[in-house]
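Text of target-v8.cif (mmCIF, C-alpha atoms) as supplied:
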data_input
#
loop_
_atom_site.label_atom_id
_atom_site.label_comp_id
_atom_site.auth_asym_id
_atom_site.auth_seq_id
_atom_site.Cartn_x
_atom_site.Cartn_y
_atom_site.Cartn_z
CA MET A 1 8.19 -6.07 -23.15
CA GLY A 2 8.93 -4.24 -26.36
CA TYR A 3 8.95 -0.62 -27.44
CA ASP A 4 5.46 0.91 -27.62
CA MET A 5 4.30 1.10 -31.25
CA GLU A 6 2.93 4.63 -30.67
CA ARG A 7 6.47 5.98 -30.31
CA PHE A 8 7.49 5.09 -33.87
CA ILE A 9 7.33 7.27 -36.94
CA GLY A 10 6.24 5.58 -40.11
CA TYR A 11 5.66 1.96 -41.00
CA VAL A 12 7.09 -0.84 -38.86
CA ASN A 13 7.53 -4.16 -40.66
CA GLU A 14 5.48 -6.98 -39.08
CA GLY A 15 8.68 -9.06 -38.74
CA LEU A 16 10.01 -6.49 -36.26
CA ILE A 17 7.04 -6.86 -33.93
CA CYS A 18 7.13 -9.31 -31.03
CA CYS A 19 4.40 -11.88 -31.48
CA ILE A 20 3.89 -12.05 -27.70
CA CYS A 21 3.60 -8.41 -26.57
CA ARG A 22 2.79 -7.00 -30.06
CA ASP A 23 5.24 -4.15 -29.56
CA VAL A 24 8.45 -3.44 -31.49
CA LEU A 25 11.19 -5.93 -30.57
CA GLN A 26 13.38 -5.03 -27.62
CA ASP A 27 16.59 -7.03 -27.10
CA PRO A 28 15.32 -9.57 -29.67
CA LEU A 29 15.87 -13.30 -29.98
CA GLN A 30 14.88 -15.51 -32.88
CA ALA A 31 13.64 -19.09 -32.91
CA PRO A 32 14.70 -21.69 -35.51
CA CYS A 33 11.24 -21.24 -37.07
CA GLU A 34 12.33 -17.58 -37.66
CA HIS A 35 9.77 -15.99 -35.33
CA ALA A 36 11.25 -13.17 -33.26
CA PHE A 37 10.50 -12.13 -29.70
CA CYS A 38 11.64 -9.66 -27.05
CA THR A 39 14.04 -11.50 -24.75
CA SER A 40 11.92 -10.83 -21.66
CA CYS A 41 8.72 -11.93 -23.45
CA ILE A 42 10.07 -15.27 -24.70
CA HIS A 43 11.76 -16.03 -21.37
CA GLY A 44 8.43 -15.48 -19.62
CA TRP A 45 6.58 -17.57 -22.22
CA LEU A 46 8.98 -20.50 -21.96
CA ILE A 47 8.47 -20.74 -18.20
CA HIS A 48 4.95 -22.05 -18.88
CA HIS A 49 5.20 -23.42 -22.43
CA ASN A 50 7.66 -25.41 -24.54
CA SER A 51 6.54 -24.19 -27.94
CA CYS A 52 6.72 -21.18 -30.22
CA PRO A 53 3.78 -18.88 -29.41
CA GLU A 54 3.25 -18.27 -33.12
CA ASP A 55 3.31 -21.73 -34.76
CA ARG A 56 3.40 -24.06 -31.69
CA GLN A 57 6.59 -25.84 -32.84
CA PHE A 58 8.76 -27.21 -30.03
CA LEU A 59 10.98 -24.46 -28.64
CA ASP A 60 13.65 -24.48 -25.97
CA LEU A 61 15.65 -21.56 -24.60
CA CYS A 62 18.95 -23.04 -25.77
CA VAL A 63 17.98 -22.84 -29.48
CA LEU A 64 17.14 -19.12 -29.45
CA ARG A 65 19.64 -16.95 -31.31
CA PRO A 66 20.22 -13.24 -31.94
CA LEU A 67 18.19 -11.66 -34.71
CA TYR A 68 19.58 -11.96 -38.25
CA ARG A 69 21.86 -9.03 -39.06
CA TYR A 70 19.63 -7.59 -41.83
CA MET A 71 16.64 -7.60 -39.43
CA ARG A 72 18.73 -6.08 -36.65
CA ASN A 73 19.84 -3.35 -39.07
CA ASP A 74 16.21 -2.67 -40.08
CA LEU A 75 15.23 -2.53 -36.41
CA ASN A 76 18.06 -0.16 -35.50
CA ARG A 77 17.12 2.24 -38.31
CA LEU A 78 13.53 2.71 -37.09
CA GLN A 79 12.82 6.28 -35.96
CA LEU A 80 11.02 6.93 -32.68
CA HIS A 81 10.17 9.62 -30.17
CA CYS A 82 11.95 9.95 -26.84
CA THR A 83 10.02 8.50 -23.87
CA ASN A 84 10.00 12.01 -22.44
CA ARG A 85 7.90 13.38 -25.30
CA GLY A 86 5.02 14.03 -22.89
CA ARG A 87 7.34 16.19 -20.77
CA GLY A 88 8.38 18.28 -23.76
CA CYS A 89 11.27 16.46 -25.44
CA GLU A 90 10.90 16.74 -29.20
CA ILE A 91 13.86 14.52 -30.13
CA VAL A 92 13.30 11.78 -32.70
CA CYS A 93 16.17 9.39 -33.27
CA SER A 94 16.97 5.89 -34.41
CA LEU A 95 16.26 2.93 -32.18
CA GLU A 96 19.99 2.29 -32.19
CA SER A 97 20.68 5.61 -30.44
CA ILE A 98 17.53 6.05 -28.33
CA ASP A 99 19.04 4.59 -25.12
CA SER A 100 22.01 6.94 -25.34
CA HIS A 101 19.73 9.94 -25.84
CA GLU A 102 17.34 8.98 -23.04
CA CYS A 103 20.20 8.54 -20.56
CA ASP A 104 21.18 12.17 -21.13
CA CYS A 105 17.78 13.67 -22.01
CA GLU A 106 17.19 16.94 -20.19
CA TYR A 107 13.54 15.93 -19.63
CA THR A 108 14.37 12.66 -17.83
CA PRO A 109 13.21 12.71 -14.19
CA ILE A 110 16.10 12.04 -11.82
CA PRO A 111 16.27 11.88 -8.02
CA CYS A 112 17.52 14.83 -6.00
CA PRO A 113 21.10 14.11 -4.85
CA ASN A 114 20.39 15.39 -1.33
CA ASN A 115 20.00 12.60 1.23
CA ALA A 116 16.41 12.04 2.38
CA CYS A 117 14.92 14.21 -0.36
CA PRO A 118 12.15 12.21 -2.05
CA VAL A 119 11.80 14.55 -5.03
CA HIS A 120 12.47 13.56 -8.66
CA VAL A 121 12.96 16.47 -11.05
CA GLU A 122 13.69 16.73 -14.74
CA ARG A 123 17.44 16.83 -15.35
CA ARG A 124 17.14 20.35 -16.79
CA ASN A 125 15.58 21.61 -13.51
CA LEU A 126 17.90 19.82 -11.08
CA TYR A 127 20.15 22.79 -10.30
CA ASN A 128 17.16 25.04 -9.54
CA HIS A 129 15.74 22.39 -7.20
CA VAL A 130 19.03 21.67 -5.39
CA VAL A 131 19.52 25.38 -4.64
CA VAL A 132 16.22 25.54 -2.73
CA CYS A 133 15.91 21.92 -1.58
CA GLU A 134 15.00 21.71 2.11
CA PHE A 135 17.36 18.72 2.42
CA ARG A 136 20.46 20.52 1.12
CA THR A 137 23.45 20.83 3.41
CA ARG A 138 25.53 23.93 3.94
CA GLU A 139 27.97 25.35 6.44
CA CYS A 140 26.57 27.48 9.27
CA PRO A 141 26.40 31.12 8.13
CA ASN A 142 27.45 32.25 11.65
CA GLY A 143 30.89 30.70 11.29
CA CYS A 144 30.87 27.81 13.77
CA GLY A 145 31.75 25.41 10.91
CA TYR A 146 28.85 23.07 11.60
CA VAL A 147 27.26 21.51 8.51
CA ILE A 148 23.53 22.13 8.63
CA LEU A 149 20.86 20.04 6.95
CA GLY A 150 18.08 22.34 5.67
CA PRO A 151 15.34 21.29 8.15
CA GLU A 152 17.80 21.63 11.09
CA ASP A 153 18.19 25.40 10.48
CA ALA A 154 15.73 26.41 13.19
CA GLN A 155 17.23 24.17 15.89
CA HIS A 156 20.89 25.01 15.19
CA ASN A 157 22.68 26.73 18.06
CA CYS A 158 26.33 27.60 17.45
CA VAL A 159 27.24 27.81 21.14
CA ALA A 160 25.71 24.40 21.89
CA GLU A 161 27.43 22.83 18.85
CA LEU A 162 30.81 24.25 19.84
CA ARG A 163 30.38 23.01 23.43
CA THR A 164 29.54 19.52 22.15
CA GLU A 165 32.59 19.60 19.89
CA LEU A 166 34.79 20.72 22.80
CA GLU A 167 33.49 17.89 25.02
CA LEU A 168 34.19 15.35 22.29
CA LEU A 169 37.74 16.64 22.00
CA ARG A 170 38.23 16.41 25.76
CA VAL A 171 37.07 12.76 25.75
CA LYS A 172 39.37 11.86 22.85
CA CYS A 173 42.39 13.72 24.20
CA PRO A 174 42.38 13.69 28.03
CA ARG A 175 45.19 15.55 29.76
#
Taking this structure as input, can you express it in the form of structure tokens?
Amino acid sequence: MGYDMERFIGYVNEGLICCICRDVLQDPLQAPCEHAFCTSCIHGWLIHHNSCPEDRQFLDLCVLRPLYRYMRNDLNRLQLHCTNRGRGCEIVCSLESIDSHECDCEYTPIPCPNNACPVHVERRNLYNHVVVCEFRTRECPNGCGYVILGPEDAQHNCVAELRTELELLRVKCPR
């Protein structure tokens, strides 16, 4: 599937639009008949057909080639909005640099790094979430050295933990 047309600013040449998904070409390939397609679109098409979806000429996967350089340059210069526009990102950049921006965009939702936490937060809010995450780990504030997972706070008993640790040591190192 290609890049959604709604993300682009200004006119997009018809030759830069996939004739299968009707979106702007993503990872494009070109047929000998000069029609261009998104790689994923044409691969899917050729599973069920053996012709160009535009002019019905015979087409096989092995004859597809990368887009002509001048078309690739035109494609890379197109300006578009970040996919996180709806979350507040106002960045507009070239298609050539959009992947780089979106990998680092502060509005991109990312998973919490704490094990078992199901939450995804925007990159810019990750620190604030991690500080209060119920799945964060920390050392016991009473000094026993036990690492506590947030939800285990209520059940933690320093004396019981130290006894368990002592028993484990006795089993490993009998006299």
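Residues matching the PyMOL selection byres ((chain A and resi 15) around 10) in this structure come to A:Val12, A:Asn13, A:Glu14, A:Leu16, A:Ile17, A:Cys18, A:Cys19, A:Val24, A:Leu25, A:Glu34, A:His35, A:Ala36, A:Phe37, A:Met71, A:Asp74, A:Leu75.
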What box, with edges along x, y and z, holds each listed atom of range 60-67 of chain A when 4 Å is added on every side, and can you state its centre and edge lengths in Å to one decimal, as AutoDock Vina command-line options?
--center_x 16.9 --center_y -18.1 --center_z -29.7 --size_x 14.6 --size_y 20.8 --size_z 18.1
Target residues per the PyMOL selection byres ((chain A and resi 7) around 12), formatted as a count of residues only: 28
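Restricting the calculation to all atoms listed in the file, the smallest distance between Gln155 in chain A and any of A:His101, A:Cys140, A:Val119, A:Asp55 is found for A:Cys140.
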For CA of Cys103 in chain A and CA of Ser40 in chain A, quote the distance in Å rounded to one decimal. 21.1 Å
Saving range 55-91 of chain A with N, CA, C and O atoms, as a short mmCIF file (atom, residue, chain, number, x, y, z; two decimals), in the first residue's frame, what would that file be?
data_model
loop_
_atom_site.label_atom_id
_atom_site.label_comp_id
_atom_site.auth_asym_id
_atom_site.auth_seq_id
_atom_site.Cartn_x
_atom_site.Cartn_y
_atom_site.Cartn_z
N ASP A 55 -2.64 -1.90 -18.33
CA ASP A 55 -2.86 -2.12 -19.78
C ASP A 55 -2.99 -3.60 -20.16
O ASP A 55 -3.10 -3.94 -21.32
N ARG A 56 -2.97 -4.48 -19.17
CA ARG A 56 -3.17 -5.93 -19.35
C ARG A 56 -2.08 -6.63 -20.17
O ARG A 56 -2.24 -7.75 -20.60
N GLN A 57 -0.93 -5.98 -20.39
CA GLN A 57 0.18 -6.64 -21.05
C GLN A 57 0.77 -7.68 -20.11
O GLN A 57 0.73 -7.51 -18.89
N PHE A 58 1.34 -8.74 -20.69
CA PHE A 58 1.95 -9.79 -19.88
C PHE A 58 2.97 -9.16 -18.93
O PHE A 58 3.74 -8.28 -19.31
N LEU A 59 2.98 -9.63 -17.68
CA LEU A 59 3.90 -9.08 -16.69
C LEU A 59 4.32 -10.19 -15.73
O LEU A 59 3.49 -10.95 -15.22
N ASP A 60 5.60 -10.27 -15.51
CA ASP A 60 6.16 -11.25 -14.58
C ASP A 60 7.03 -10.49 -13.58
O ASP A 60 7.63 -9.47 -13.92
N LEU A 61 7.11 -11.01 -12.37
CA LEU A 61 7.88 -10.38 -11.31
C LEU A 61 9.33 -10.11 -11.70
O LEU A 61 9.90 -9.08 -11.35
N CYS A 62 9.92 -11.00 -12.46
CA CYS A 62 11.35 -10.87 -12.80
C CYS A 62 11.65 -9.70 -13.74
O CYS A 62 12.81 -9.32 -13.87
N VAL A 63 10.65 -9.12 -14.39
CA VAL A 63 10.92 -8.00 -15.30
C VAL A 63 10.68 -6.64 -14.65
O VAL A 63 10.94 -5.61 -15.27
N LEU A 64 10.22 -6.62 -13.41
CA LEU A 64 10.01 -5.36 -12.70
C LEU A 64 11.36 -4.76 -12.31
O LEU A 64 12.27 -5.48 -11.92
N ARG A 65 11.47 -3.46 -12.43
CA ARG A 65 12.71 -2.75 -12.13
C ARG A 65 12.44 -1.56 -11.23
O ARG A 65 11.31 -1.09 -11.14
N PRO A 66 13.49 -1.02 -10.61
CA PRO A 66 13.31 0.21 -9.82
C PRO A 66 12.82 1.35 -10.72
O PRO A 66 13.05 1.35 -11.93
N LEU A 67 12.19 2.31 -10.10
CA LEU A 67 11.67 3.48 -10.81
C LEU A 67 12.81 4.25 -11.48
O LEU A 67 13.93 4.30 -10.94
N TYR A 68 12.54 4.84 -12.64
CA TYR A 68 13.56 5.68 -13.29
C TYR A 68 14.02 6.75 -12.31
O TYR A 68 13.25 7.25 -11.50
N ARG A 69 15.29 7.13 -12.42
CA ARG A 69 15.88 8.08 -11.48
C ARG A 69 15.10 9.41 -11.44
O ARG A 69 14.84 9.94 -10.37
N TYR A 70 14.74 9.95 -12.59
CA TYR A 70 14.04 11.25 -12.59
C TYR A 70 12.69 11.15 -11.87
O TYR A 70 12.27 12.07 -11.17
N MET A 71 12.02 9.99 -11.99
CA MET A 71 10.74 9.80 -11.29
C MET A 71 10.98 9.62 -9.79
O MET A 71 10.24 10.13 -8.96
N ARG A 72 12.04 8.89 -9.46
CA ARG A 72 12.38 8.68 -8.05
C ARG A 72 12.73 10.02 -7.40
O ARG A 72 12.32 10.30 -6.27
N ASN A 73 13.45 10.88 -8.14
CA ASN A 73 13.77 12.21 -7.61
C ASN A 73 12.51 13.04 -7.40
O ASN A 73 12.38 13.72 -6.39
N ASP A 74 11.59 13.01 -8.37
CA ASP A 74 10.32 13.73 -8.23
C ASP A 74 9.54 13.21 -7.02
O ASP A 74 8.97 13.99 -6.25
N LEU A 75 9.52 11.91 -6.85
CA LEU A 75 8.82 11.29 -5.73
C LEU A 75 9.44 11.72 -4.40
O LEU A 75 8.73 12.15 -3.49
N ASN A 76 10.75 11.67 -4.32
CA ASN A 76 11.44 12.02 -3.08
C ASN A 76 11.28 13.49 -2.69
O ASN A 76 11.39 13.83 -1.51
N ARG A 77 11.03 14.35 -3.67
CA ARG A 77 10.86 15.78 -3.38
C ARG A 77 9.46 16.15 -2.90
O ARG A 77 9.25 17.25 -2.39
N LEU A 78 8.50 15.26 -3.06
CA LEU A 78 7.14 15.56 -2.62
C LEU A 78 7.12 15.90 -1.12
O LEU A 78 7.84 15.27 -0.34
N GLN A 79 6.31 16.87 -0.75
CA GLN A 79 6.20 17.29 0.65
C GLN A 79 4.95 16.70 1.27
O GLN A 79 3.87 16.72 0.67
N LEU A 80 5.09 16.16 2.49
CA LEU A 80 3.94 15.57 3.16
C LEU A 80 4.01 15.76 4.66
O LEU A 80 5.05 16.04 5.23
N HIS A 81 2.82 15.60 5.27
CA HIS A 81 2.68 15.71 6.72
C HIS A 81 3.12 14.42 7.39
O HIS A 81 2.96 13.33 6.84
N CYS A 82 3.60 14.55 8.59
CA CYS A 82 3.95 13.40 9.43
C CYS A 82 2.68 12.59 9.72
O CYS A 82 1.59 13.16 9.82
N THR A 83 2.82 11.27 9.88
CA THR A 83 1.65 10.44 10.20
C THR A 83 1.07 10.80 11.57
O THR A 83 -0.06 10.45 11.86
N ASN A 84 1.83 11.49 12.38
CA ASN A 84 1.35 11.87 13.71
C ASN A 84 0.70 13.24 13.74
O ASN A 84 0.55 13.84 14.80
N ARG A 85 0.30 13.72 12.59
CA ARG A 85 -0.34 15.04 12.50
C ARG A 85 -1.55 15.12 13.41
O ARG A 85 -1.77 16.11 14.11
N GLY A 86 -2.35 14.07 13.45
CA GLY A 86 -3.54 14.04 14.29
C GLY A 86 -3.23 14.09 15.78
O GLY A 86 -4.10 14.43 16.58
N ARG A 87 -2.02 13.76 16.16
CA ARG A 87 -1.60 13.81 17.56
C ARG A 87 -0.94 15.15 17.90
O ARG A 87 -0.57 15.37 19.04
N GLY A 88 -0.73 15.98 16.88
CA GLY A 88 -0.17 17.30 17.14
C GLY A 88 1.12 17.64 16.42
O GLY A 88 1.59 18.76 16.49
N CYS A 89 1.72 16.68 15.72
CA CYS A 89 2.97 16.98 15.01
C CYS A 89 2.66 17.86 13.80
O CYS A 89 1.80 17.53 12.99
N GLU A 90 3.37 18.96 13.69
CA GLU A 90 3.13 19.89 12.59
C GLU A 90 4.23 19.84 11.54
O GLU A 90 4.26 20.68 10.64
N ILE A 91 5.11 18.85 11.62
CA ILE A 91 6.23 18.75 10.69
C ILE A 91 5.74 18.36 9.29
O ILE A 91 4.92 17.48 9.12
#
